[in-house]
>>> print(open('my_file-v8.cif').read())   # mmCIF, C-alpha atoms (C1' of nucleotides)
data_work
loop_
_atom_site.label_atom_id
_atom_site.label_comp_id
_atom_site.auth_asym_id
_atom_site.auth_seq_id
_atom_site.Cartn_x
_atom_site.Cartn_y
_atom_site.Cartn_z
CA MET A 18 54.16 91.20 64.74
CA SER A 19 51.04 93.21 65.32
CA ARG A 20 51.38 93.51 69.07
CA PRO A 21 48.93 95.31 71.22
CA PRO A 22 49.77 99.00 71.26
CA ILE A 23 50.37 99.08 75.01
CA ASP A 24 53.03 96.47 74.80
CA THR A 25 54.74 98.35 72.01
CA ARG A 26 54.94 101.52 73.99
CA GLU A 27 56.47 99.87 77.03
CA HIS A 28 58.97 98.22 74.81
CA LEU A 29 59.79 101.56 73.32
CA ILE A 30 60.41 103.07 76.73
CA ALA A 31 62.47 100.15 77.89
CA GLU A 32 64.64 100.44 74.84
CA ARG A 33 65.06 104.12 75.44
CA LYS A 34 66.27 103.40 78.96
CA ARG A 35 68.65 100.78 77.77
CA ARG A 36 70.14 103.14 75.24
CA GLU A 37 70.44 105.84 77.82
CA LYS A 38 72.27 103.51 80.15
CA LEU A 39 74.67 102.51 77.43
CA SER A 40 75.35 106.10 76.54
CA GLN A 41 76.11 106.92 80.12
CA SER A 42 78.50 104.03 80.32
CA PHE A 43 80.26 105.24 77.23
CA ILE A 44 80.66 108.64 78.77
CA ALA A 45 81.88 107.18 82.02
CA LEU A 46 84.37 105.04 80.19
CA SER A 47 85.64 107.88 78.09
CA ALA A 48 86.13 109.92 81.24
CA ILE A 49 88.78 107.65 82.65
CA ILE A 50 90.78 107.28 79.48
CA PRO A 51 93.52 109.87 79.42
CA GLY A 52 94.30 111.68 76.22
CA LEU A 53 91.13 110.78 74.47
CA LYS A 54 90.53 112.97 71.47
CA LYS A 55 87.60 111.74 69.49
CA MET A 56 84.57 110.96 71.53
CA ASP A 57 82.73 108.70 69.14
CA LYS A 58 81.88 105.23 70.35
CA ALA A 59 84.31 103.44 68.10
CA SER A 60 87.21 105.58 69.29
CA ILE A 61 86.23 105.21 72.90
CA LEU A 62 86.16 101.47 72.60
CA SER A 63 89.39 101.06 70.71
CA ASP A 64 91.20 103.57 72.87
CA ALA A 65 89.87 101.85 75.93
CA ILE A 66 91.26 98.60 74.63
CA ASN A 67 94.67 100.05 73.90
CA TYR A 68 94.85 101.90 77.15
CA MET A 69 93.78 98.87 79.10
CA LYS A 70 96.44 96.77 77.44
CA GLN A 71 99.02 99.39 78.28
CA LEU A 72 97.90 99.41 81.87
CA GLN A 73 98.07 95.66 82.07
CA GLU A 74 101.59 95.58 80.73
CA ARG A 75 102.64 98.36 83.01
CA VAL A 76 101.24 96.57 86.01
CA LYS A 77 103.05 93.44 84.97
CA LYS A 78 106.36 95.22 84.60
CA LEU A 79 105.97 97.11 87.80
CA GLU A 80 105.11 93.95 89.64
CA GLU A 81 108.25 92.32 88.36
CA GLU A 82 110.20 95.38 89.29
CA VAL A 83 108.81 95.39 92.78
CA ALA A 84 109.40 91.68 93.11
CA ILE A 85 113.03 92.14 92.16
CA ARG A 86 113.55 95.07 94.42
CA THR A 87 111.76 93.35 97.23
CA VAL A 88 114.19 90.52 96.99
CA GLU A 89 117.10 92.90 96.78
CA SER A 90 116.03 94.81 99.77
CA VAL A 91 115.21 91.70 101.69
CA VAL A 92 118.65 90.43 100.92
CA ILE A 93 120.17 93.54 102.31
CA VAL A 94 118.10 93.35 105.42
CA LYS A 95 118.68 89.67 105.83
CA LYS A 96 122.40 90.01 105.56
CA SER A 97 122.53 92.45 108.34
CA GLN A 98 120.23 90.33 110.40
CA VAL A 99 122.44 87.40 109.75
CA LEU A 100 125.27 89.55 110.89
CA ALA A 101 123.45 90.13 114.08
CA PHE A 102 123.80 86.47 114.83
CA ASP A 103 127.34 86.49 113.71
CA ASP A 104 127.72 89.24 116.17
CA ILE A 105 126.51 87.25 119.08
CA PHE A 106 128.96 84.66 118.02
CA SER A 107 131.89 86.93 118.01
CA LEU A 108 130.87 88.22 121.37
CA ASP A 109 130.43 84.77 122.81
CA GLU A 110 133.75 83.69 121.51
CA ASN A 111 136.49 86.16 121.95
CA SER A 112 135.79 88.34 119.00
CA ASN A 113 138.15 87.27 116.30
CA HIS A 114 137.27 88.89 112.98
CA PHE A 115 136.12 91.83 114.92
CA GLU A 116 138.97 94.18 115.09
CA GLN A 117 139.39 93.68 111.42
CA GLN A 118 136.10 95.45 110.82
CA LEU A 119 136.73 98.55 112.83
CA PRO A 120 137.48 101.38 112.73
CA GLU A 121 134.91 102.91 110.52
CA ILE A 122 135.74 106.45 109.58
CA GLU A 123 133.58 108.99 107.87
CA ALA A 124 134.51 112.50 106.86
CA ARG A 125 132.37 115.27 105.43
CA VAL A 126 133.43 118.65 104.28
CA LEU A 127 131.40 121.82 104.33
CA ASP A 128 133.16 125.03 103.43
CA LYS A 129 136.17 125.08 105.70
CA HIS A 130 134.73 122.68 108.23
CA VAL A 131 135.16 118.97 108.53
CA LEU A 132 132.87 116.60 110.30
CA LEU A 133 134.65 113.46 111.39
CA ARG A 134 132.96 110.41 112.71
CA ILE A 135 135.07 107.61 113.98
CA HIS A 136 133.52 104.37 115.06
CA TYR A 137 136.23 102.32 116.64
CA GLU A 138 137.06 99.77 119.21
CA LYS A 139 138.13 101.04 122.55
CA GLN A 140 141.83 100.73 122.78
CA LYS A 141 144.42 102.27 124.95
CA GLY A 142 145.98 105.35 123.48
CA CYS A 143 143.88 105.25 120.37
CA MET A 144 142.08 108.45 121.10
CA THR A 145 145.29 110.31 121.77
CA GLU A 146 146.61 108.99 118.55
CA ILE A 147 143.62 110.26 116.64
CA LEU A 148 143.76 113.68 118.17
CA ARG A 149 147.46 113.98 117.49
CA GLU A 150 146.87 112.95 113.93
CA ILE A 151 144.13 115.52 113.49
CA LYS A 152 146.37 118.22 114.81
CA LYS A 153 149.15 117.11 112.53
CA LEU A 154 146.81 117.43 109.57
CA ASN A 155 146.28 121.12 110.21
CA LEU A 156 142.79 120.70 111.54
CA SER A 157 141.61 122.73 114.53
CA ILE A 158 139.01 120.97 116.58
CA LEU A 159 135.97 123.13 117.19
CA ASN A 160 133.88 120.61 119.00
CA SER A 161 133.93 116.95 119.75
CA SER A 162 132.15 114.18 121.55
CA VAL A 163 132.87 110.60 122.39
CA LEU A 164 130.11 108.21 123.24
CA SER A 165 130.50 104.68 124.46
CA PHE A 166 128.46 102.11 122.59
CA GLY A 167 128.32 98.66 124.00
CA SER A 168 131.23 97.62 126.09
CA SER A 169 134.05 98.05 123.65
CA ILE A 170 133.07 100.54 120.99
CA LEU A 171 133.44 104.25 120.91
CA GLU A 172 131.62 106.65 118.62
CA MET A 173 133.67 109.78 118.28
CA THR A 174 132.37 112.83 116.50
CA ILE A 175 134.53 115.80 115.75
CA VAL A 176 133.88 119.09 114.04
CA ALA A 177 137.09 120.73 112.98
CA GLN A 178 138.21 123.67 110.97
CA MET A 179 140.67 123.37 108.15
CA ASP A 180 143.61 125.66 108.68
CA VAL A 181 144.78 127.78 105.81
CA ASP A 182 147.51 125.35 104.94
CA PHE A 183 145.23 122.37 104.94
CA CYS A 184 145.41 120.88 101.50
CA MET A 185 144.54 117.26 101.93
CA ASN A 186 141.72 115.62 100.13
CA ILE A 187 139.10 113.67 101.97
CA GLU A 188 140.33 110.31 100.97
CA ASP A 189 143.81 110.88 102.25
CA LEU A 190 142.42 112.38 105.40
CA VAL A 191 140.42 109.28 106.08
CA LYS A 192 143.35 107.07 105.26
CA SER A 193 145.61 108.95 107.59
CA LEU A 194 143.18 108.73 110.43
CA HIS A 195 142.63 105.15 109.69
CA THR A 196 146.22 104.22 109.99
CA SER A 197 146.36 106.14 113.21
CA CYS A 198 143.58 104.03 114.61
CA VAL A 199 144.67 100.72 113.24
CA GLY A 200 148.22 101.20 114.24
CA LEU A 201 150.08 98.14 113.15
CA ASP A 202 147.34 96.65 111.04
CA GLU A 203 147.57 97.00 107.35
CA ALA A 204 145.59 99.77 105.81
CA THR A 205 141.98 98.77 105.63
CA PRO A 206 140.05 99.54 102.48
CA CYS A 207 137.49 102.29 102.48
CA ILE A 208 134.87 103.31 100.04
CA LEU A 209 133.36 106.66 99.47
CA ILE A 210 129.68 106.80 100.09
CA ALA A 211 127.09 109.29 99.10
CA ASN A 212 125.94 111.69 101.68
CA GLY A 213 123.59 113.38 99.36
CA ASN A 214 124.17 116.62 101.08
CA GLY A 215 126.95 117.87 98.95
CA SER A 216 129.67 116.66 101.20
CA CYS A 217 131.82 113.64 100.82
CA SER A 218 132.08 110.72 103.02
CA GLU A 219 134.18 107.65 103.19
CA ARG A 220 133.16 104.45 104.77
CA ARG A 221 134.87 101.24 105.38
CA ILE A 222 132.89 98.19 104.50
CA GLY A 223 133.25 94.71 105.84
CA LEU A 224 134.18 92.05 103.38
CA ASP A 225 131.23 89.86 104.23
CA PHE A 226 128.79 92.47 103.07
CA MET B 7 64.02 112.86 53.16
CA SER B 8 63.23 111.12 49.90
CA ARG B 9 66.80 110.26 49.03
CA PRO B 10 67.74 108.50 45.88
CA PRO B 11 67.53 104.73 46.36
CA ILE B 12 71.24 104.24 45.68
CA ASP B 13 72.17 106.55 48.46
CA THR B 14 69.88 104.77 50.84
CA ARG B 15 71.39 101.43 50.08
CA GLU B 16 74.94 102.66 50.53
CA HIS B 17 73.93 104.20 53.78
CA LEU B 18 72.43 100.91 54.84
CA ILE B 19 75.64 99.07 54.07
CA ALA B 20 77.79 101.68 55.74
CA GLU B 21 75.70 101.45 58.83
CA ARG B 22 76.00 97.71 58.82
CA LYS B 23 79.76 98.02 58.70
CA ARG B 24 79.79 100.51 61.46
CA ARG B 25 77.71 98.25 63.65
CA GLU B 26 79.92 95.33 62.83
CA LYS B 27 82.98 97.30 63.81
CA LEU B 28 81.44 98.32 67.08
CA SER B 29 80.47 94.75 67.84
CA GLN B 30 84.00 93.60 67.19
CA SER B 31 85.33 96.25 69.48
CA PHE B 32 82.97 95.10 72.18
CA ILE B 33 84.23 91.58 71.77
CA ALA B 34 87.83 92.69 71.79
CA LEU B 35 87.25 94.71 74.90
CA SER B 36 85.49 91.91 76.66
CA ALA B 37 88.39 89.63 75.81
CA ILE B 38 90.89 91.56 77.89
CA ILE B 39 88.73 91.96 80.94
CA PRO B 40 89.42 89.14 83.35
CA GLY B 41 86.54 87.46 85.15
CA LEU B 42 83.86 88.79 82.94
CA LYS B 43 80.65 86.87 83.40
CA LYS B 44 77.86 88.47 81.45
CA MET B 45 78.74 89.40 77.93
CA ASP B 46 76.08 91.97 77.24
CA LYS B 47 77.23 95.40 76.25
CA ALA B 48 76.19 97.10 79.43
CA SER B 49 78.14 94.65 81.54
CA ILE B 50 81.17 94.86 79.31
CA LEU B 51 81.22 98.59 79.60
CA SER B 52 80.69 98.82 83.33
CA ASP B 53 83.13 96.02 84.05
CA ALA B 54 85.63 97.67 81.77
CA ILE B 55 85.25 100.86 83.75
CA ASN B 56 85.71 99.14 87.08
CA TYR B 57 88.61 97.07 85.92
CA MET B 58 90.31 100.05 84.38
CA LYS B 59 89.99 102.01 87.59
CA GLN B 60 91.48 99.11 89.48
CA LEU B 61 94.37 98.97 87.08
CA GLN B 62 94.99 102.66 87.39
CA GLU B 63 95.11 102.50 91.15
CA ARG B 64 97.32 99.48 91.07
CA VAL B 65 99.74 101.20 88.73
CA LYS B 66 99.81 104.20 90.97
CA LYS B 67 100.53 102.14 94.06
CA LEU B 68 103.14 100.08 92.33
CA GLU B 69 104.85 103.17 91.00
CA GLU B 70 105.07 104.58 94.48
CA GLU B 71 106.36 101.29 95.72
CA VAL B 72 108.99 101.13 93.03
CA ALA B 73 110.00 104.73 93.63
CA ILE B 74 110.61 103.95 97.25
CA ARG B 75 112.42 100.73 96.62
CA THR B 76 114.48 102.28 93.89
CA VAL B 77 116.01 104.62 96.35
CA GLU B 78 116.08 102.00 99.01
CA SER B 79 118.05 99.49 97.15
CA VAL B 80 121.53 98.70 96.30
CA VAL B 81 124.01 100.34 94.06
CA ILE B 82 125.79 101.61 97.05
CA VAL B 83 129.31 100.98 96.06
CA LYS B 84 129.25 101.80 92.39
CA LYS B 85 127.40 105.04 92.62
CA SER B 86 129.45 106.25 95.47
CA GLN B 87 132.52 106.02 93.38
CA VAL B 88 130.88 108.18 90.81
CA LEU B 89 129.98 110.52 93.57
CA ALA B 90 133.58 111.16 94.23
CA PHE B 91 133.51 113.42 91.22
CA ASP B 92 130.15 114.80 91.95
CA ASP B 93 131.49 115.51 95.30
CA ILE B 94 134.34 117.66 94.16
CA PHE B 95 131.81 119.52 92.15
CA SER B 96 129.63 120.32 95.06
CA LEU B 97 132.64 121.54 96.92
CA ASP B 98 133.60 123.96 94.20
CA GLU B 99 130.15 125.31 93.82
CA ASN B 100 128.17 126.12 96.88
CA SER B 101 126.12 123.02 97.27
CA ASN B 102 122.58 123.87 96.39
CA HIS B 103 120.57 120.67 96.44
CA PHE B 104 121.42 120.49 100.02
CA GLU B 105 118.58 120.68 102.43
CA GLN B 106 116.52 118.36 100.32
CA GLN B 107 118.82 115.51 101.15
CA LEU B 108 118.70 115.70 104.89
CA PRO B 109 118.07 114.25 107.35
CA GLU B 110 120.32 111.29 107.25
CA ILE B 111 119.68 108.79 109.95
CA GLU B 112 121.68 105.81 110.92
CA ALA B 113 120.95 103.25 113.57
CA ARG B 114 123.06 100.44 114.87
CA VAL B 115 122.16 97.80 117.37
CA LEU B 116 124.48 96.03 119.72
CA ASP B 117 122.87 93.82 122.30
CA LYS B 118 120.33 96.03 123.99
CA HIS B 119 121.93 99.26 122.98
CA VAL B 120 121.23 101.46 120.02
CA LEU B 121 123.55 103.97 118.50
CA LEU B 122 121.67 106.66 116.66
CA ARG B 123 123.30 109.19 114.43
CA ILE B 124 121.14 111.92 113.01
CA HIS B 125 122.55 114.35 110.54
CA TYR B 126 119.96 116.99 109.97
CA GLU B 127 119.32 120.55 109.18
CA LYS B 128 118.94 122.87 112.09
CA GLN B 129 115.30 123.54 112.58
CA LYS B 130 113.26 124.84 115.41
CA GLY B 131 111.77 122.14 117.54
CA CYS B 132 113.31 119.38 115.54
CA MET B 133 115.49 118.18 118.34
CA THR B 134 112.62 118.15 120.79
CA GLU B 135 110.65 116.16 118.30
CA ILE B 136 113.41 113.63 117.93
CA LEU B 137 113.87 113.21 121.64
CA ARG B 138 110.17 112.85 122.14
CA GLU B 139 110.04 110.25 119.43
CA ILE B 140 112.91 108.33 120.98
CA LYS B 141 111.20 108.31 124.31
CA LYS B 142 107.98 107.21 122.71
CA LEU B 143 109.78 104.29 121.15
CA ASN B 144 110.75 102.90 124.53
CA LEU B 145 114.36 103.89 124.25
CA SER B 146 116.22 105.25 127.24
CA ILE B 147 118.95 107.66 126.33
CA LEU B 148 122.24 106.75 127.96
CA ASN B 149 124.34 109.42 126.37
CA SER B 150 124.05 111.97 123.65
CA SER B 151 125.83 114.75 121.89
CA VAL B 152 124.92 117.38 119.37
CA LEU B 153 127.56 119.08 117.31
CA SER B 154 127.03 121.96 114.98
CA PHE B 155 128.48 121.49 111.55
CA GLY B 156 128.58 124.46 109.26
CA SER B 157 125.92 127.02 109.87
CA SER B 158 122.81 124.97 109.47
CA ILE B 159 123.59 121.35 110.15
CA LEU B 160 123.55 119.40 113.33
CA GLU B 161 125.18 116.07 113.94
CA MET B 162 123.41 114.36 116.77
CA THR B 163 124.68 111.16 118.26
CA ILE B 164 122.72 109.19 120.78
CA VAL B 165 123.39 105.97 122.63
CA ALA B 166 120.23 104.56 124.02
CA GLN B 167 119.07 101.44 125.71
CA MET B 168 116.15 99.44 124.49
CA ASP B 169 113.56 98.98 127.19
CA VAL B 170 112.15 95.54 127.76
CA ASP B 171 109.08 96.32 125.73
CA PHE B 172 111.02 97.63 122.80
CA CYS B 173 110.11 95.49 119.87
CA MET B 174 110.74 97.62 116.85
CA ASN B 175 113.03 96.62 114.08
CA ILE B 176 115.75 98.93 112.86
CA GLU B 177 113.97 99.92 109.71
CA ASP B 178 110.87 101.08 111.46
CA LEU B 179 112.93 102.84 114.04
CA VAL B 180 114.73 104.80 111.39
CA LYS B 181 111.52 105.50 109.57
CA SER B 182 109.86 106.79 112.71
CA LEU B 183 112.73 109.07 113.48
CA HIS B 184 112.82 110.20 109.95
CA THR B 185 109.24 111.25 109.89
CA SER B 186 109.85 113.09 113.12
CA CYS B 187 112.65 115.02 111.51
CA VAL B 188 111.05 115.59 108.20
CA GLY B 189 107.78 116.56 109.68
CA LEU B 190 105.48 117.45 106.88
CA ASP B 191 107.59 116.00 104.13
CA GLU B 192 106.79 112.60 102.87
CA ALA B 193 108.71 109.76 104.36
CA THR B 194 112.11 109.46 102.84
CA PRO B 195 113.40 106.03 102.20
CA CYS B 196 116.31 104.56 104.00
CA ILE B 197 118.47 101.63 103.27
CA LEU B 198 120.17 99.24 105.52
CA ILE B 199 123.87 99.09 105.12
CA ALA B 200 126.43 96.68 106.35
CA ASN B 201 128.69 97.81 109.07
CA GLY B 202 130.73 94.70 109.09
CA ASN B 203 131.13 94.96 112.79
CA GLY B 204 128.21 92.83 113.68
CA SER B 205 125.74 95.61 114.03
CA CYS B 206 123.19 96.76 111.59
CA SER B 207 122.88 100.19 110.20
CA GLU B 208 120.44 102.08 108.11
CA ARG B 209 121.25 105.00 105.93
CA ARG B 210 119.22 107.46 104.03
CA ILE B 211 120.20 108.04 100.49
CA GLY B 212 119.76 111.18 98.51
CA LEU B 213 117.80 111.06 95.33
CA ASP B 214 120.77 111.96 93.19
CA PHE B 215 122.65 109.15 94.72
"C1'" DG C 17 53.27 85.15 78.66
"C1'" DC C 18 57.01 88.53 80.14
"C1'" DC C 19 61.65 90.41 80.22
"C1'" DT C 20 66.12 91.34 78.30
"C1'" DA C 21 69.31 92.26 74.90
"C1'" DC C 22 70.30 92.78 70.33
"C1'" DA C 23 70.45 94.11 65.27
"C1'" DC C 24 68.20 96.31 61.96
"C1'" DG C 25 66.92 100.16 58.69
"C1'" DT C 26 66.13 104.87 58.77
"C1'" DG C 27 66.14 109.98 59.49
"C1'" DA C 28 68.73 113.74 61.36
"C1'" DG C 29 72.62 116.56 62.47
"C1'" DG C 30 77.55 117.79 62.23
"C1'" DC C 31 81.78 118.86 59.73
"C1'" DT D 30 77.46 118.59 48.86
"C1'" DG D 31 79.08 113.84 50.79
"C1'" DC D 32 80.54 111.31 54.66
"C1'" DC D 33 80.14 109.87 59.35
"C1'" DT D 34 77.91 109.20 63.63
"C1'" DC D 35 74.17 108.85 66.35
"C1'" DA D 36 69.39 107.90 68.30
"C1'" DC D 37 65.26 106.19 67.29
"C1'" DG D 38 61.40 102.72 66.98
"C1'" DT D 39 60.75 98.16 65.81
"C1'" DG D 40 61.12 93.06 65.18
"C1'" DT D 41 62.77 89.18 67.28
"C1'" DA D 42 65.34 85.39 69.58
"C1'" DG D 43 66.48 83.26 74.05
"C1'" DG D 44 65.63 82.62 78.88
#
>>> encode(input="my_file-v8.cif", output="structure tokens")
Amino acid sequence: MSRPPIDTREHLIAERKRREKLSQSFIALSAIIPGLKKMDKASILSDAINYMKQLQERVKKLEEEVAIRTVESVVIVKKSQVLAFDDIFSLDENSNHFEQQLPEIEARVLDKHVLLRIHYEKQKGCMTEILREIKKLNLSILNSSVLSFGSSILEMTIVAQMDVDFCMNIEDLVKSLHTSCVGLDEATPCILIANGNGSCSERRIGLDF
Amino acid sequence: MSRPPIDTREHLIAERKRREKLSQSFIALSAIIPGLKKMDKASILSDAINYMKQLQERVKKLEEEVAIRTVESVVIVKKSQVLAFDDIFSLDENSNHFEQQLPEIEARVLDKHVLLRIHYEKQKGCMTEILREIKKLNLSILNSSVLSFGSSILEMTIVAQMDVDFCMNIEDLVKSLHTSCVGLDEATPCILIANGNGSCSERRIGLDF
DNA sequence: GCCTACACGTGAGGC
DNA sequence: TGCCTCACGTGTAGG
């Protein structure tokens, strides 16, 4: 009480600065809160609290989500990497559960065209068989290619046109081709996979997936 | 000026309450900020601002992460069965959400060889870009084919050999190629699928998958 | 002693 | 007008 006047004035100024700083902070805080209506200090604070809690929960959930998906995706990757080893195995030994896995056949349709992709083990007469089957199905081959992959696998790609009397659905098409490739083996299960491009596609999946 | 004394007193009390409320809010806010050292109002506010910004960025990053992984992960089999219907649909109508979904890239590894299959929309310079990218990745092309499917789609198949200094994993390989194809678009997620034949394979999935 | 941060009561302005 | 919010200057307690 009863301070020297000089002291009082400096105090006054200091307090002014402090208040100014606080006000600025309030403004800054309000600026990063979305959907803030009332700008009074009480609202800013309580909204900040609510929003911050929301953010915290969201982060928590997202982190869990990511953790889950990370595991999922790692699992997928791992499995195939594990398979890589398995692979070496089946190559080192005379591949036993190998033929079982192939062929892999994929078919897509676009207007009157069919794109066939056949991933199969090299085998005498297999290609002839496939081509004969395609012809039998009323498909005219427009273009084709066969690439060798590794020592025993062929990747065959065919673009064909459906003739007017072609009336098969994709699934049956794939099945037919499959039996042509497999020959004596029992029909191997296929699943339809998404191409995402408006066409359909069928893919055989190994059981150890 | 010169208010009735009753009014003044009520004002006084109201102001007290208001201050009390604000103080409580400050405390509540400070309570949910982790690692808060100084408890003065200025610090609470500025730390709240910083922390909130951090949270916002974290949420953003996590959301992106989740978005990617969502598409990346799983659900292959189930959804594809649903797609069988969807599929018929897109055959009846002229498939519209079409270009968005491409390219689709698949890579398989067998020993030192890579089988690449790129299903993409015809686009000027795209092929050059892909080949350049492949070369850049230390892959030597052994064999390749490009088939036209429909009016605007190309099916490119490449068998390449990994050079000695090739050290990329499949995922990154696919991603690299993808960005080459997509160009300006953001990277589109891929997933690794099981081939069951000892190789690994990565497949892009459409968003409506 | 100085510095910092706060709460207080009060006057003013907005709806 | 009443009610609410704010900024102000001041007193003061703790470091």
>>> resolve_selection(input="my_file-v8.cif", expression="the PyMOL selection byres ((chain B) within 10 of (chain D))", output="list of chain:residue names")
B:His17, B:Ala20, B:Glu21, B:Arg24
>>> resolve_selection(input="my_file-v8.cif", expression="the PyMOL selection byres ((chain B) within 10 of (chain C))", output="PDB file with C-alpha atoms, in the coordinates of the input")
ATOM      1  CA  MET B   7      64.020 112.860  53.160  1.00  0.00           C
ATOM      2  CA  THR B  14      69.880 104.770  50.840  1.00  0.00           C
ATOM      3  CA  ARG B  15      71.390 101.430  50.080  1.00  0.00           C
ATOM      4  CA  HIS B  17      73.930 104.200  53.780  1.00  0.00           C
ATOM      5  CA  LEU B  18      72.430 100.910  54.840  1.00  0.00           C
ATOM      6  CA  ILE B  19      75.640  99.070  54.070  1.00  0.00           C
ATOM      7  CA  GLU B  21      75.700 101.450  58.830  1.00  0.00           C
ATOM      8  CA  ARG B  22      76.000  97.710  58.820  1.00  0.00           C
ATOM      9  CA  ARG B  25      77.710  98.250  63.650  1.00  0.00           C
ATOM     10  CA  GLU B  26      79.920  95.330  62.830  1.00  0.00           C
ATOM     11  CA  ASP B  46      76.080  91.970  77.240  1.00  0.00           C
ATOM     12  CA  LYS B  47      77.230  95.400  76.250  1.00  0.00           C
ATOM     13  CA  ALA B  48      76.190  97.100  79.430  1.00  0.00           C
TER      14      ALA B  48
END
>>> residues_around(input="my_file-v8.cif", residues="range 54-56 of chain B", least_positions_apart="2", cutoff="10 Å", atoms="all atoms listed in the file", output="list in words")
Ser42, Phe43, Ala45, Leu46, Ser47, Ala48, Ile49, Ile50, Leu62, Ala65, Ile66 and Met69 of chain A; Leu35, Ser36, Ile38, Ile39, Pro40, Leu42, Ala48, Ser49, Ile50, Leu51, Ser52, Met58, Lys59, Gln60, Leu61 and Gln62 of chain B
>>> atom_distance(input="my_file-v8.cif", atom1="CA of Lys129 in chain A", atom2="CA of Arg123 in chain B")
22.2 Å
>>> resolve_selection(input="my_file-v8.cif", expression="the PyMOL selection byres ((chain B and resi 140) around 10)", output="PyMOL selection string")
chain B and resi 122+134-139+141-147+164+166+179+182-183+186
>>> closest_residue(input="my_file-v8.cif", among="B:Gln167, B:Asn149, B:Asn175, B:Ser158", to="chain A", atoms="only C-alpha atoms")
B:Asn149
>>> atom_distance(input="my_file-v8.cif", atom1="CA of Gly131 in chain B", atom2="CA of Thr185 in chain B")
13.5 Å
>>> closest_residue(input="my_file-v8.cif", among="B:Lys27, B:Lys128, B:His184, B:Lys44", to="chain A", atoms="all atoms listed in the file")
B:Lys27
>>> closest_residue(input="my_file-v8.cif", among="A:Leu39, A:Cys184, A:Lys192, A:Glu138", to="chain B", atoms="only C-alpha atoms")
A:Leu39
>>> atom_distance(input="my_file-v8.cif", atom1="CA of Ser29 in chain B", atom2="CA of Asp24 in chain A")
28.4 Å
>>> closest_residue(input="my_file-v8.cif", among="B:Val65, B:Cys187, B:Met45, B:Met168", to="chain A", atoms="all atoms listed in the file")
B:Val65
>>> closest_residue(input="my_file-v8.cif", among="B:Leu116, B:Val170, B:Ile124, B:Cys132", to="chain A", atoms="only C-alpha atoms")
B:Leu116
>>> closest_residue(input="my_file-v8.cif", among="A:Gln140, A:Leu79, A:Gln41, A:Ile187", to="Ser168 in chain A", atoms="all atoms listed in the file")
A:Gln140
>>> axis_aligned_box(input="my_file-v8.cif", around="chain C", padding_each_side="6 Å", output="JSON")
{"center_x": 67.5, "center_y": 102.0, "center_z": 69.5, "size_x": 40.5, "size_y": 45.7, "size_z": 33.5}
